[in-house]
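Asker: File start.txt follows (compact mmCIF, C-alpha atoms and all ligand atoms):
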```
# COMPACT_ATOMS: atom_id res chain seq x y z
CA MET A 6 143.68 94.13 218.92
CA THR A 7 143.26 96.09 215.68
CA LEU A 8 140.54 98.70 215.70
CA PRO A 9 138.75 100.03 212.61
CA THR A 10 140.44 103.04 211.05
CA ILE A 11 139.03 106.55 210.80
CA LYS A 12 136.95 106.95 207.66
CA GLN A 13 135.67 110.52 207.88
CA VAL A 14 135.73 113.63 210.06
CA ARG A 15 132.74 115.99 209.83
CA ALA A 16 132.11 119.37 211.48
CA TYR A 17 128.70 120.92 212.13
CA VAL A 18 127.37 124.10 213.69
CA VAL A 19 124.42 124.35 216.08
CA ARG A 20 122.80 127.44 217.61
CA GLY A 21 121.03 127.84 220.93
CA GLY A 22 122.68 127.01 224.25
CA GLY A 23 124.54 123.71 224.53
CA ALA A 24 128.34 123.93 224.42
CA ASP A 25 128.10 127.66 223.62
CA TYR A 26 126.33 128.07 226.94
CA HIS A 27 126.30 131.86 226.70
CA ASP A 28 123.96 131.57 223.69
CA GLN A 29 120.77 131.84 225.77
CA GLY A 30 117.45 133.67 225.38
CA ASP A 31 116.41 136.96 227.01
CA GLY A 32 116.14 137.20 230.78
CA HIS A 33 118.76 134.54 231.57
CA TRP A 34 120.90 135.19 234.67
CA ILE A 35 124.04 134.56 232.57
CA ASP A 36 123.48 137.76 230.58
CA ASP A 37 122.30 140.11 233.31
CA HIS A 38 124.76 142.95 233.87
CA ILE A 39 127.81 140.76 234.49
CA ALA A 40 131.19 142.47 234.88
CA THR A 41 133.38 142.00 231.80
CA PRO A 42 136.44 143.66 230.23
CA MET A 43 133.97 145.35 227.82
CA ALA A 44 131.96 146.93 230.64
CA LYS A 45 134.11 150.07 230.48
CA TYR A 46 131.99 150.87 227.42
CA PRO A 47 128.54 151.75 228.82
CA GLU A 48 126.80 150.47 225.69
CA TYR A 49 128.19 146.95 226.31
CA ARG A 50 127.67 146.86 230.10
CA GLN A 51 124.20 145.42 230.52
CA SER A 52 124.48 142.43 228.18
CA ARG A 53 127.42 140.25 227.14
CA GLN A 54 125.51 139.26 224.02
CA SER A 55 125.66 142.95 223.01
CA PHE A 56 129.42 142.62 222.40
CA GLY A 57 129.11 139.17 220.85
CA ILE A 58 129.74 136.62 223.61
CA ASN A 59 127.50 134.15 221.75
CA VAL A 60 128.67 134.96 218.25
CA LEU A 61 130.30 131.59 217.57
CA GLY A 62 127.71 128.95 218.51
CA THR A 63 128.47 125.29 219.09
CA LEU A 64 130.86 123.18 217.02
CA VAL A 65 129.92 119.51 216.69
CA VAL A 66 132.68 117.16 215.52
CA GLU A 67 131.80 113.66 214.32
CA ILE A 68 134.44 111.02 213.59
CA GLU A 69 133.23 107.97 211.72
CA ALA A 70 135.21 104.74 211.79
CA SER A 71 135.40 102.24 208.93
CA ASP A 72 132.90 99.95 210.72
CA GLY A 73 130.33 102.79 210.91
CA THR A 74 130.87 103.61 214.61
CA VAL A 75 130.64 107.37 215.20
CA GLY A 76 132.33 109.29 218.01
CA PHE A 77 131.35 112.91 218.53
CA ALA A 78 131.95 115.92 220.74
CA VAL A 79 130.64 119.46 221.18
CA THR A 80 132.51 122.63 222.07
CA THR A 81 132.36 126.37 221.43
CA GLY A 82 133.62 127.39 218.01
CA GLY A 83 130.82 127.45 215.44
CA GLU A 84 131.47 128.10 211.78
CA PRO A 85 135.13 129.25 211.89
CA ALA A 86 136.05 126.19 213.93
CA ALA A 87 134.08 123.99 211.51
CA TYR A 88 136.23 125.38 208.69
CA ILE A 89 139.44 124.57 210.56
CA VAL A 90 138.27 121.01 211.33
CA GLU A 91 137.13 120.22 207.78
CA LYS A 92 139.80 122.02 205.79
CA HIS A 93 142.83 121.52 208.01
CA LEU A 94 142.55 119.05 210.92
CA ALA A 95 140.67 116.22 209.18
CA ARG A 96 143.78 115.28 207.17
CA PHE A 97 145.59 114.26 210.36
CA LEU A 98 142.92 111.67 211.20
CA GLU A 99 141.41 110.09 208.11
CA GLY A 100 142.91 106.68 207.33
CA ARG A 101 144.60 106.53 210.76
CA SER A 102 143.88 104.39 213.81
CA PRO A 103 141.88 106.07 216.59
CA THR A 104 144.45 104.67 219.03
CA ASP A 105 147.01 107.17 217.70
CA TYR A 106 145.62 110.16 219.59
CA GLU A 107 149.06 111.38 220.78
CA LYS A 108 150.46 111.63 217.25
CA ILE A 109 147.19 113.06 215.95
CA TRP A 110 147.16 115.76 218.66
CA ASP A 111 150.78 116.63 217.97
CA GLN A 112 150.12 117.00 214.25
CA MET A 113 146.94 119.05 214.79
CA TYR A 114 148.76 121.41 217.15
CA PHE A 115 152.02 121.84 215.24
CA GLY A 116 150.24 121.84 211.85
CA THR A 117 148.22 124.90 212.98
CA GLN A 118 150.81 126.53 215.22
CA TYR A 119 151.59 129.29 212.73
CA TYR A 120 148.07 130.71 213.20
CA GLY A 121 146.86 128.82 216.28
CA ARG A 122 148.31 128.07 219.75
CA LYS A 123 145.29 129.32 221.76
CA GLY A 124 141.64 130.31 221.43
CA LEU A 125 139.49 129.19 218.52
CA VAL A 126 142.04 126.87 216.94
CA VAL A 127 142.64 125.03 220.21
CA ASN A 128 138.85 124.83 220.72
CA ALA A 129 138.68 123.10 217.32
CA ILE A 130 141.56 120.76 218.24
CA SER A 131 139.84 120.03 221.56
CA GLY A 132 136.58 119.16 219.79
CA VAL A 133 138.38 116.69 217.52
CA ASP A 134 140.34 115.21 220.42
CA LEU A 135 137.18 114.68 222.50
CA ALA A 136 135.34 113.11 219.55
CA LEU A 137 138.34 110.78 219.13
CA TRP A 138 138.18 109.69 222.79
CA ASP A 139 134.42 109.17 222.41
CA LEU A 140 135.05 107.00 219.35
CA LEU A 141 137.77 105.04 221.12
CA GLY A 142 135.44 104.38 224.06
CA LYS A 143 132.64 103.30 221.77
CA LEU A 144 134.92 100.97 219.78
CA ARG A 145 136.31 99.44 222.99
CA GLN A 146 132.85 99.46 224.64
CA GLU A 147 134.32 101.27 227.65
CA PRO A 148 133.53 104.60 229.28
CA VAL A 149 136.25 107.20 228.72
CA TYR A 150 136.98 107.35 232.45
CA HIS A 151 138.09 103.70 232.32
CA LEU A 152 140.49 104.58 229.50
CA LEU A 153 141.88 107.41 231.66
CA GLY A 154 142.79 105.14 234.54
CA GLY A 155 139.48 104.46 236.30
CA ALA A 156 137.63 106.17 239.13
CA VAL A 157 139.61 107.25 242.20
CA ARG A 158 136.39 107.86 244.18
CA ASP A 159 132.83 106.56 244.05
CA GLU A 160 131.15 109.81 243.19
CA LEU A 161 131.66 113.37 242.06
CA SER A 162 130.61 116.29 244.21
CA PHE A 163 129.77 119.64 242.69
CA TYR A 164 129.66 123.32 243.39
CA ALA A 165 127.14 125.33 241.37
CA THR A 166 127.78 128.43 239.29
CA GLY A 167 124.84 130.79 239.00
CA ALA A 168 123.06 133.79 240.36
CA ARG A 169 121.44 131.93 243.28
CA PRO A 170 123.90 130.16 245.59
CA ASP A 171 121.14 130.14 248.22
CA LEU A 172 118.97 127.93 245.99
CA ALA A 173 122.01 125.81 245.04
CA LYS A 174 122.58 125.10 248.73
CA GLY A 175 119.04 123.75 248.98
CA MET A 176 119.78 121.51 245.96
CA GLY A 177 122.71 119.86 247.77
CA PHE A 178 125.68 121.59 246.14
CA ILE A 179 128.84 122.15 248.22
CA GLY A 180 129.16 125.78 247.20
CA GLY A 181 127.94 128.55 244.96
CA LYS A 182 129.95 130.70 242.58
CA MET A 183 128.29 133.99 241.70
CA PRO A 184 128.94 136.17 238.71
CA LEU A 185 130.44 139.51 239.77
CA HIS A 186 128.00 142.15 238.55
CA HIS A 187 129.98 145.37 238.76
CA GLY A 188 133.47 146.14 237.46
CA PRO A 189 135.93 149.00 237.96
CA ALA A 190 134.02 151.35 235.62
CA GLU A 191 131.16 151.39 238.14
CA GLY A 192 133.46 152.78 240.82
CA GLU A 193 133.02 152.65 244.59
CA GLU A 194 129.26 152.32 244.33
CA GLY A 195 129.63 149.17 242.20
CA LEU A 196 132.21 147.76 244.61
CA LYS A 197 129.79 148.27 247.51
CA LYS A 198 127.00 146.55 245.55
CA ASN A 199 129.27 143.55 244.87
CA ILE A 200 130.09 143.22 248.57
CA GLN A 201 126.43 143.67 249.50
CA GLU A 202 125.44 140.78 247.20
CA LEU A 203 128.06 138.59 248.86
CA ALA A 204 126.87 139.66 252.33
CA THR A 205 123.26 138.83 251.41
CA MET A 206 124.22 135.38 250.13
CA ARG A 207 126.37 134.72 253.21
CA GLU A 208 123.41 135.63 255.38
CA ARG A 209 121.14 133.27 253.41
CA CYS A 210 123.62 130.39 253.06
CA GLY A 211 125.18 130.32 256.53
CA ASP A 212 128.86 130.26 257.46
CA ASP A 213 129.96 126.88 256.11
CA PHE A 214 128.71 127.02 252.53
CA TRP A 215 131.40 127.94 249.98
CA LEU A 216 130.83 131.25 248.22
CA MET A 217 132.99 132.39 245.32
CA PHE A 218 133.10 135.32 242.87
CA ASP A 219 133.59 134.74 239.13
CA CYS A 220 135.08 137.98 237.77
CA TRP A 221 135.25 136.91 234.09
CA MET A 222 138.52 138.82 233.34
CA ALA A 223 136.86 142.16 234.25
CA LEU A 224 139.12 143.67 236.92
CA ASP A 225 142.49 145.33 237.38
CA LEU A 226 144.95 144.35 240.09
CA ASN A 227 144.03 147.19 242.43
CA TYR A 228 140.28 146.56 242.20
CA ALA A 229 140.72 142.79 242.54
CA THR A 230 142.90 143.21 245.63
CA ARG A 231 140.42 145.59 247.26
CA LEU A 232 137.48 143.32 246.39
CA ALA A 233 139.28 140.31 247.86
CA HIS A 234 140.08 142.11 251.12
CA LYS A 235 136.54 143.47 251.53
CA ALA A 236 135.13 140.01 250.72
CA LYS A 237 137.29 138.35 253.37
CA GLU A 238 134.84 139.41 256.09
CA TYR A 239 132.13 137.36 254.34
CA GLY A 240 134.30 134.27 253.91
CA LEU A 241 134.79 134.37 250.12
CA LYS A 242 136.43 131.03 249.30
CA TRP A 243 137.99 132.08 246.02
CA ILE A 244 138.28 134.96 243.58
CA GLU A 245 138.13 133.63 240.01
CA GLU A 246 139.55 134.96 236.76
CA ALA A 247 139.92 138.46 238.15
CA LEU A 248 142.31 139.67 235.43
CA SER A 249 143.05 139.27 231.73
CA PRO A 250 144.31 135.74 230.95
CA ASP A 251 147.43 137.35 229.45
CA ASP A 252 148.31 139.15 232.69
CA TYR A 253 150.39 136.40 234.34
CA TRP A 254 152.29 139.09 236.29
CA GLY A 255 149.04 140.52 237.65
CA TYR A 256 147.86 137.09 238.79
CA ALA A 257 151.20 136.45 240.53
CA ALA A 258 150.83 139.78 242.34
CA LEU A 259 147.18 139.09 243.21
CA LYS A 260 148.03 135.71 244.68
CA LYS A 261 150.61 137.40 246.92
CA ALA A 262 148.24 140.24 247.87
CA ALA A 263 145.09 138.15 248.49
CA PRO A 264 144.00 137.66 252.12
CA ALA A 265 145.42 134.56 253.82
CA GLY A 266 143.23 131.55 253.15
CA MET A 267 141.43 133.01 250.12
CA LEU A 268 142.19 131.08 246.94
CA VAL A 269 143.04 132.67 243.60
CA THR A 270 141.75 130.67 240.64
CA THR A 271 142.01 131.06 236.87
CA GLY A 272 142.63 129.27 233.60
CA GLU A 273 139.28 128.78 231.88
CA HIS A 274 140.57 130.86 228.94
CA GLU A 275 144.07 129.35 229.07
CA ALA A 276 145.18 126.55 226.74
CA THR A 277 147.78 123.80 226.40
CA ARG A 278 150.58 122.55 228.64
CA TRP A 279 152.60 125.68 227.82
CA GLY A 280 149.92 128.14 228.92
CA PHE A 281 149.29 126.27 232.15
CA ARG A 282 153.00 125.86 232.75
CA MET A 283 153.25 129.65 232.72
CA LEU A 284 150.39 129.98 235.23
CA MET A 285 152.01 127.45 237.53
CA GLU A 286 155.67 128.49 237.23
CA MET A 287 154.73 132.09 237.86
CA GLU A 288 152.66 130.99 240.89
CA CYS A 289 149.57 132.74 239.58
CA CYS A 290 146.89 130.71 241.33
CA ASP A 291 145.89 127.95 243.73
CA ILE A 292 143.43 126.18 241.41
CA ILE A 293 143.64 125.91 237.63
CA GLN A 294 140.35 125.68 235.74
CA PRO A 295 140.95 124.38 232.22
CA ASP A 296 137.83 123.96 230.11
CA VAL A 297 138.16 120.48 228.60
CA GLY A 298 136.67 121.68 225.31
CA TRP A 299 138.98 124.70 225.08
CA CYS A 300 142.34 123.71 226.63
CA GLY A 301 143.30 121.07 224.05
CA GLY A 302 140.95 118.21 224.98
CA VAL A 303 141.59 115.22 227.23
CA THR A 304 144.94 114.34 225.63
CA GLU A 305 146.35 117.74 226.60
CA LEU A 306 144.53 117.93 229.93
CA LEU A 307 146.30 114.78 231.11
CA LYS A 308 149.63 116.57 230.66
CA ILE A 309 148.39 119.78 232.31
CA SER A 310 146.98 117.80 235.21
CA ALA A 311 150.18 115.80 235.81
CA MET A 312 152.14 119.04 235.93
CA ALA A 313 149.63 120.52 238.40
CA ASP A 314 149.73 117.40 240.57
CA SER A 315 153.49 117.61 240.93
CA ARG A 316 153.10 121.19 242.20
CA GLY A 317 150.19 120.59 244.57
CA VAL A 318 147.82 122.62 242.39
CA MET A 319 144.19 121.49 242.08
CA VAL A 320 142.60 121.06 238.64
CA ILE A 321 138.89 121.89 238.71
CA PRO A 322 137.76 122.11 235.08
CA HIS A 323 135.58 124.95 233.97
CA GLY A 324 132.09 123.75 232.91
CA SER A 325 132.67 121.09 230.24
CA SER A 326 129.80 118.77 231.28
CA VAL A 327 130.57 115.06 230.62
CA TYR A 328 134.05 115.89 229.37
CA SER A 329 134.84 117.16 232.85
CA TYR A 330 133.01 114.38 234.71
CA HIS A 331 134.96 111.57 232.98
CA PHE A 332 138.21 113.35 233.77
CA VAL A 333 137.59 114.55 237.33
CA ILE A 334 136.53 111.12 238.58
CA THR A 335 139.99 109.77 237.61
CA ARG A 336 142.24 112.38 239.26
CA HIS A 337 143.29 112.77 242.89
CA ASN A 338 144.05 116.46 242.40
CA SER A 339 140.52 117.14 241.06
CA PRO A 340 138.51 116.59 244.23
CA PHE A 341 135.27 118.24 243.05
CA ALA A 342 133.66 119.60 239.88
CA GLU A 343 131.78 122.63 238.60
CA PHE A 344 128.13 122.52 237.59
CA LEU A 345 126.89 125.50 235.59
CA MET A 346 123.26 126.25 236.42
CA MET A 347 121.75 126.74 232.99
CA ALA A 348 118.13 127.18 234.08
CA PRO A 349 117.35 130.86 233.30
CA LYS A 350 116.68 131.72 236.95
CA ALA A 351 119.30 129.27 238.34
CA ASP A 352 116.47 127.71 240.31
CA GLN A 353 116.68 124.13 239.09
CA VAL A 354 119.18 121.62 237.78
CA GLN A 355 119.17 121.41 233.99
CA PRO A 356 121.79 119.50 231.93
CA MET A 357 124.70 121.87 231.29
CA PHE A 358 124.72 121.41 227.51
CA HIS A 359 120.92 121.32 227.16
CA PRO A 360 119.40 120.80 224.61
CA GLN A 361 122.23 119.34 222.52
CA LEU A 362 122.96 116.04 224.25
CA LEU A 363 120.79 113.06 225.10
CA GLY A 364 121.65 111.14 228.26
CA GLU A 365 123.69 114.00 229.78
CA PRO A 366 123.99 113.12 233.48
CA VAL A 367 123.18 115.75 236.13
CA PRO A 368 124.02 115.87 239.83
CA GLU A 369 121.40 114.72 242.28
CA ASN A 370 121.69 116.30 245.68
CA GLY A 371 124.95 117.85 244.41
CA ARG A 372 126.48 114.47 243.60
CA LEU A 373 126.91 112.04 240.74
CA LYS A 374 127.85 108.39 241.11
CA ALA A 375 130.76 107.15 238.98
CA THR A 376 128.45 104.38 237.80
CA ALA A 377 126.28 107.05 236.10
CA LEU A 378 129.19 107.35 233.63
CA ASP A 379 129.22 103.64 232.81
CA LYS A 380 128.38 103.84 229.11
CA PRO A 381 130.74 103.55 226.12
CA GLY A 382 132.66 106.73 225.25
CA PHE A 383 131.43 109.84 227.02
CA GLY A 384 128.04 108.13 227.33
CA VAL A 385 125.95 110.74 225.52
CA GLU A 386 124.32 111.03 222.10
CA LEU A 387 123.53 114.03 219.94
CA ASN A 388 119.92 115.06 220.35
CA PRO A 389 118.33 114.37 216.93
CA ALA A 390 115.88 117.22 217.60
CA VAL A 391 118.64 119.86 217.19
CA THR A 392 119.33 121.03 213.65
CA LEU A 393 122.90 120.41 212.50
CA HIS A 394 124.35 122.59 209.74
CA ARG A 395 127.49 121.47 207.90
CA PRO A 396 128.89 124.66 206.33
CA TYR A 397 132.05 123.10 204.82
CA THR A 398 133.12 119.72 203.47
CA HIS A 399 136.43 118.39 202.27
C1 LIG B 401 129.36 133.18 235.20
C2 LIG B 401 130.55 133.53 234.37
O1 LIG B 401 130.51 134.87 234.02
C3 LIG B 401 130.68 132.69 233.12
O2 LIG B 401 129.54 132.84 232.34
C4 LIG B 401 130.90 131.23 233.42
C5 LIG B 401 132.21 130.98 234.07
O3 LIG B 401 133.15 131.73 233.93
C6 LIG B 401 132.37 129.82 234.93
O4 LIG B 401 131.48 128.97 234.97
O5 LIG B 401 133.41 129.73 235.55
MG MG B 402 134.77 131.32 235.41
```
When written as structure tokens, how does the structure in this file appear?
Answerer:
Amino acid sequence: MTLPTIKQVRAYVVRGGGADYHDQGDGHWIDDHIATPMAKYPEYRQSRQSFGINVLGTLVVEIEASDGTVGFAVTTGGEPAAYIVEKHLARFLEGRSPTDYEKIWDQMYFGTQYYGRKGLVVNAISGVDLALWDLLGKLRQEPVYHLLGGAVRDELSFYATGARPDLAKGMGFIGGKMPLHHGPAEGEEGLKKNIQELATMRERCGDDFWLMFDCWMALDLNYATRLAHKAKEYGLKWIEEALSPDDYWGYAALKKAAPAGMLVTTGEHEATRWGFRMLMEMECCDIIQPDVGWCGGVTELLKISAMADSRGVMVIPHGSSVYSYHFVITRHNSPFAEFLMMAPKADQVQPMFHPQLLGEPVPENGRLKATALDKPGFGVELNPAVTLHRPYTH
């Protein structure tokens, strides 16, 4: 069957939440004194927005086929990523068949390798790749998860990330991942406060509910090891992204030093098969957490996931909304998914990429049926109420 070819690739920028989920208003739990690598500077300790965590905004990629069908995707990347998509990546798609995603990915990656490889450029590549899969699904009138091999279970189950695991438990989630609030610069007092927060949540949630700490790259090996051992008493299930993503040696040491039974997780700021190969070959962690919109898109995630499967490593994508759901439902080594609680007080379920997508599915009672994904492509539309800005053309 011959599909229409790709006519045009367009890149837009949107502000306010959505795929740049750190771009929230005042008083949101996600910007309330969370430990970061910048917290050693007192002036950047209280708010992540103060050092620019939301500086990029959302990148929207649209790919229009010659029959007028449009696939799209959102990721973090904003204006600089829009430039890369319009001025550099578009050439590898226009006039081609959307079925050629392997060759297109290869050309996008190696065509930008001299200034790319990770970070913003791979976010841009991921956005294009996801828009391509959305287009392919729409042209074939199939959900992306069918194109990835079909569901291996009937439903997804979710843990929640947010400041209120106790409320998440009441909403049916299988666990709650809390932001760590105090880093090494806040000394022993901060460490005690971290453990006290965990103890309080353990008390409220009972023994069987999963509790995890998200450390957002803020710690050093010594602090992370001490935190893990003190948290053992309160049944911490995993310690996430404790160190810099570049410190593969530190992660390998942390995995060895962590208490028996506590998992070490990382990878949300890692990219491509080569980055994840390093994490796995160096035995840095028990779970890898690629963000589908940052790691290279679905085309690359399939390779990362196959590598992880062969090593008995779980793949639990970071955030990623529908891009994660369509992937996780198809993989045996992705037994559950993350749901980021984007309500400002983490007290209700709100679509993860709100307000940018229409039809974005959300868990009910901590679960989502595979059939909820049964729409062409990723099954969502761009919300026409959000203002798109196209800063560059080609
Ligand atoms: C809560 C974390 O600091 C971050 O905002 C989100 C994250 O790392 C995760 O969902 O994982
Ligand atoms: Mg995280």
Asker: Counting all atoms listed in the file, which residues in chain A sit no more than 12 Å from ligand MG 402 (chain B)? For each one, give the nearest pair of atoms and the distance in Å, sorted by chain then residue number, as a tab-separated table.
Answerer:
```
residue	atom	partner	partner_atom	distance
A:Ile35	CA	B:MG402	MG	11.6
A:Ile39	CA	B:MG402	MG	11.8
A:Ala40	CA	B:MG402	MG	11.7
A:Thr41	CA	B:MG402	MG	11.4
A:Ala165	CA	B:MG402	MG	11.4
A:Thr166	CA	B:MG402	MG	8.5
A:Gly167	CA	B:MG402	MG	10.6
A:Lys182	CA	B:MG402	MG	8.7
A:Met183	CA	B:MG402	MG	9.4
A:Pro184	CA	B:MG402	MG	8.3
A:Leu185	CA	B:MG402	MG	10.2
A:Met217	CA	B:MG402	MG	10.1
A:Phe218	CA	B:MG402	MG	8.6
A:Asp219	CA	B:MG402	MG	5.2
A:Cys220	CA	B:MG402	MG	7.1
A:Trp221	CA	B:MG402	MG	5.8
A:Met222	CA	B:MG402	MG	8.6
A:Ala223	CA	B:MG402	MG	11.1
A:Trp243	CA	B:MG402	MG	11.1
A:Ile244	CA	B:MG402	MG	9.6
A:Glu245	CA	B:MG402	MG	6.1
A:Glu246	CA	B:MG402	MG	6.2
A:Ala247	CA	B:MG402	MG	9.2
A:Leu248	CA	B:MG402	MG	11.3
A:Pro250	CA	B:MG402	MG	11.4
A:Val269	CA	B:MG402	MG	11.7
A:Thr270	CA	B:MG402	MG	8.7
A:Thr271	CA	B:MG402	MG	7.4
A:Gly272	CA	B:MG402	MG	8.3
A:Glu273	CA	B:MG402	MG	6.3
A:His274	CA	B:MG402	MG	8.7
A:Glu275	CA	B:MG402	MG	11.4
A:Ile292	CA	B:MG402	MG	11.7
A:Ile293	CA	B:MG402	MG	10.6
A:Gln294	CA	B:MG402	MG	7.9
A:Pro295	CA	B:MG402	MG	9.8
A:Asp296	CA	B:MG402	MG	9.6
A:Ile321	CA	B:MG402	MG	10.8
A:Pro322	CA	B:MG402	MG	9.7
A:His323	CA	B:MG402	MG	6.6
A:Gly324	CA	B:MG402	MG	8.4
A:Ser325	CA	B:MG402	MG	11.7
A:Glu343	CA	B:MG402	MG	9.7
A:Phe344	CA	B:MG402	MG	11.2
A:Leu345	CA	B:MG402	MG	9.8
```
Asker: Show me the residues around (139.7, 111.9, 208.5) - criterion: an atom at most 10 Å away, only C-alpha atoms counted - as a compact mmCIF listing (two decimals) with C-alpha atoms, in the coordinates of the input.
Answerer:
```
# COMPACT_ATOMS: atom_id res chain seq x y z
CA THR A 10 140.44 103.04 211.05
CA ILE A 11 139.03 106.55 210.80
CA LYS A 12 136.95 106.95 207.66
CA GLN A 13 135.67 110.52 207.88
CA VAL A 14 135.73 113.63 210.06
CA ARG A 15 132.74 115.99 209.83
CA GLU A 67 131.80 113.66 214.32
CA ILE A 68 134.44 111.02 213.59
CA GLU A 69 133.23 107.97 211.72
CA ALA A 70 135.21 104.74 211.79
CA VAL A 90 138.27 121.01 211.33
CA GLU A 91 137.13 120.22 207.78
CA LEU A 94 142.55 119.05 210.92
CA ALA A 95 140.67 116.22 209.18
CA ARG A 96 143.78 115.28 207.17
CA PHE A 97 145.59 114.26 210.36
CA LEU A 98 142.92 111.67 211.20
CA GLU A 99 141.41 110.09 208.11
CA GLY A 100 142.91 106.68 207.33
CA ARG A 101 144.60 106.53 210.76
CA HIS A 399 136.43 118.39 202.27
```
Asker: Give me, please, the distance in Å between atom CA of A:Arg316 and atom CA of A:Val303, quoted to one decimal.
Answerer: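 Computed distance, atom CA of A:Arg316 to atom CA of A:Val303, equals 19.8 Å.
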Asker: Can you tell me which residues surround stretch 287-289 of chain A at a distance of at most 9 Å, considering only C-alpha atoms, apart from same-chain residues fewer than 4 positions away, and format the answer as a list in words?
Answerer: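 That gives Tyr253, Trp254, Gly255, Tyr256, Ala257, Ala258, Leu259, Lys260, Lys261, Val269, Thr270, Thr271, Arg282 and Met283 of chain A.
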Asker: Using Å and a single decimal, report how far atom CA of A:Asp72 sits from atom CA of A:Ser102.
Answerer: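 These two atoms are separated by 12.2 Å.
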Asker: Applying 12 Å and all atoms listed in the file, which residues near A:Cys300 remain after dropping the ones on its own chain fewer than 4 positions away? List them as a tab-separated table (two decimals) with C-alpha atoms, in the frame of the given file.
Answerer:
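Result file is around35.tsv:
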```tsv
chain	number	residue	atom	x	y	z
A	80	THR	CA	132.51	122.63	222.07
A	81	THR	CA	132.36	126.37	221.43
A	114	TYR	CA	148.76	121.41	217.15
A	122	ARG	CA	148.31	128.07	219.75
A	123	LYS	CA	145.29	129.32	221.76
A	124	GLY	CA	141.64	130.31	221.43
A	125	LEU	CA	139.49	129.19	218.52
A	126	VAL	CA	142.04	126.87	216.94
A	127	VAL	CA	142.64	125.03	220.21
A	128	ASN	CA	138.85	124.83	220.72
A	129	ALA	CA	138.68	123.10	217.32
A	130	ILE	CA	141.56	120.76	218.24
A	131	SER	CA	139.84	120.03	221.56
A	132	GLY	CA	136.58	119.16	219.79
A	134	ASP	CA	140.34	115.21	220.42
A	135	LEU	CA	137.18	114.68	222.50
A	272	GLY	CA	142.63	129.27	233.60
A	273	GLU	CA	139.28	128.78	231.88
A	274	HIS	CA	140.57	130.86	228.94
A	275	GLU	CA	144.07	129.35	229.07
A	276	ALA	CA	145.18	126.55	226.74
A	277	THR	CA	147.78	123.80	226.40
A	278	ARG	CA	150.58	122.55	228.64
A	279	TRP	CA	152.60	125.68	227.82
A	280	GLY	CA	149.92	128.14	228.92
A	281	PHE	CA	149.29	126.27	232.15
A	293	ILE	CA	143.64	125.91	237.63
A	294	GLN	CA	140.35	125.68	235.74
A	295	PRO	CA	140.95	124.38	232.22
A	296	ASP	CA	137.83	123.96	230.11
A	304	THR	CA	144.94	114.34	225.63
A	305	GLU	CA	146.35	117.74	226.60
A	306	LEU	CA	144.53	117.93	229.93
A	307	LEU	CA	146.30	114.78	231.11
A	308	LYS	CA	149.63	116.57	230.66
A	309	ILE	CA	148.39	119.78	232.31
A	310	SER	CA	146.98	117.80	235.21
A	322	PRO	CA	137.76	122.11	235.08
A	323	HIS	CA	135.58	124.95	233.97
A	325	SER	CA	132.67	121.09	230.24
A	328	TYR	CA	134.05	115.89	229.37
A	329	SER	CA	134.84	117.16	232.85
```
Asker: So which residues touch A:Thr104 within 9 Å, counting only C-alpha atoms, skipping near sequence neighbours fewer than 3 positions away, as a list of chain:residue names?
Answerer: A:Leu8, A:Arg101, A:Glu107, A:Leu137, A:Trp138, A:Leu141
Asker: State, in Å with one decimal place, the distance from atom O5 of ligand LIG 401 (chain B) to atom CA of A:Pro349.
Answerer: 16.3 Å
Asker: Show me, as a list in words, the residues that have an atom within 9 Å of stretch 335-341 of chain A when counting only C-alpha atoms, minus same-chain residues fewer than 5 positions from it.
Answerer: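 In the requested format, the answer is Tyr150, His151, Leu153, Gly154, Gly155, Ala156, Val157, Arg158, Leu161, Ser162, Phe163, Tyr164, Ser310, Ala313, Asp314, Gly317, Val318, Met319, Val320, Ile321, Pro322 and Tyr330 of chain A.
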Asker: Which is closest to A:Pro170 among A:Met206, A:Leu196, A:Met43, A:Leu152, if we use only C-alpha atoms?
Answerer: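 Looking only at the distances to A:Pro170, the closest residue turns out to be A:Met206.
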Asker: List every protein, DNA or RNA residue with an atom no more than 9 Å from (148.1, 122.5, 208.1) in the file's coordinates, counting only C-alpha atoms, and format the result as a tab-separated table (two decimals) with C-alpha atoms, in the frame of the given file.
Answerer:
```tsv
chain	number	residue	atom	x	y	z
A	92	LYS	CA	139.80	122.02	205.79
A	93	HIS	CA	142.83	121.52	208.01
A	94	LEU	CA	142.55	119.05	210.92
A	96	ARG	CA	143.78	115.28	207.17
A	97	PHE	CA	145.59	114.26	210.36
A	112	GLN	CA	150.12	117.00	214.25
A	113	MET	CA	146.94	119.05	214.79
A	115	PHE	CA	152.02	121.84	215.24
A	116	GLY	CA	150.24	121.84	211.85
A	117	THR	CA	148.22	124.90	212.98
A	118	GLN	CA	150.81	126.53	215.22
A	119	TYR	CA	151.59	129.29	212.73
```
Asker: Counting all atoms listed in the file, which of A:Gln146, A:Gln201, A:Gln353, A:Gln54 gets nearest to ligand LIG 401 (chain B)?
Answerer: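 The shortest atom-to-atom distance to ligand LIG 401 (chain B) comes from A:Gln54.
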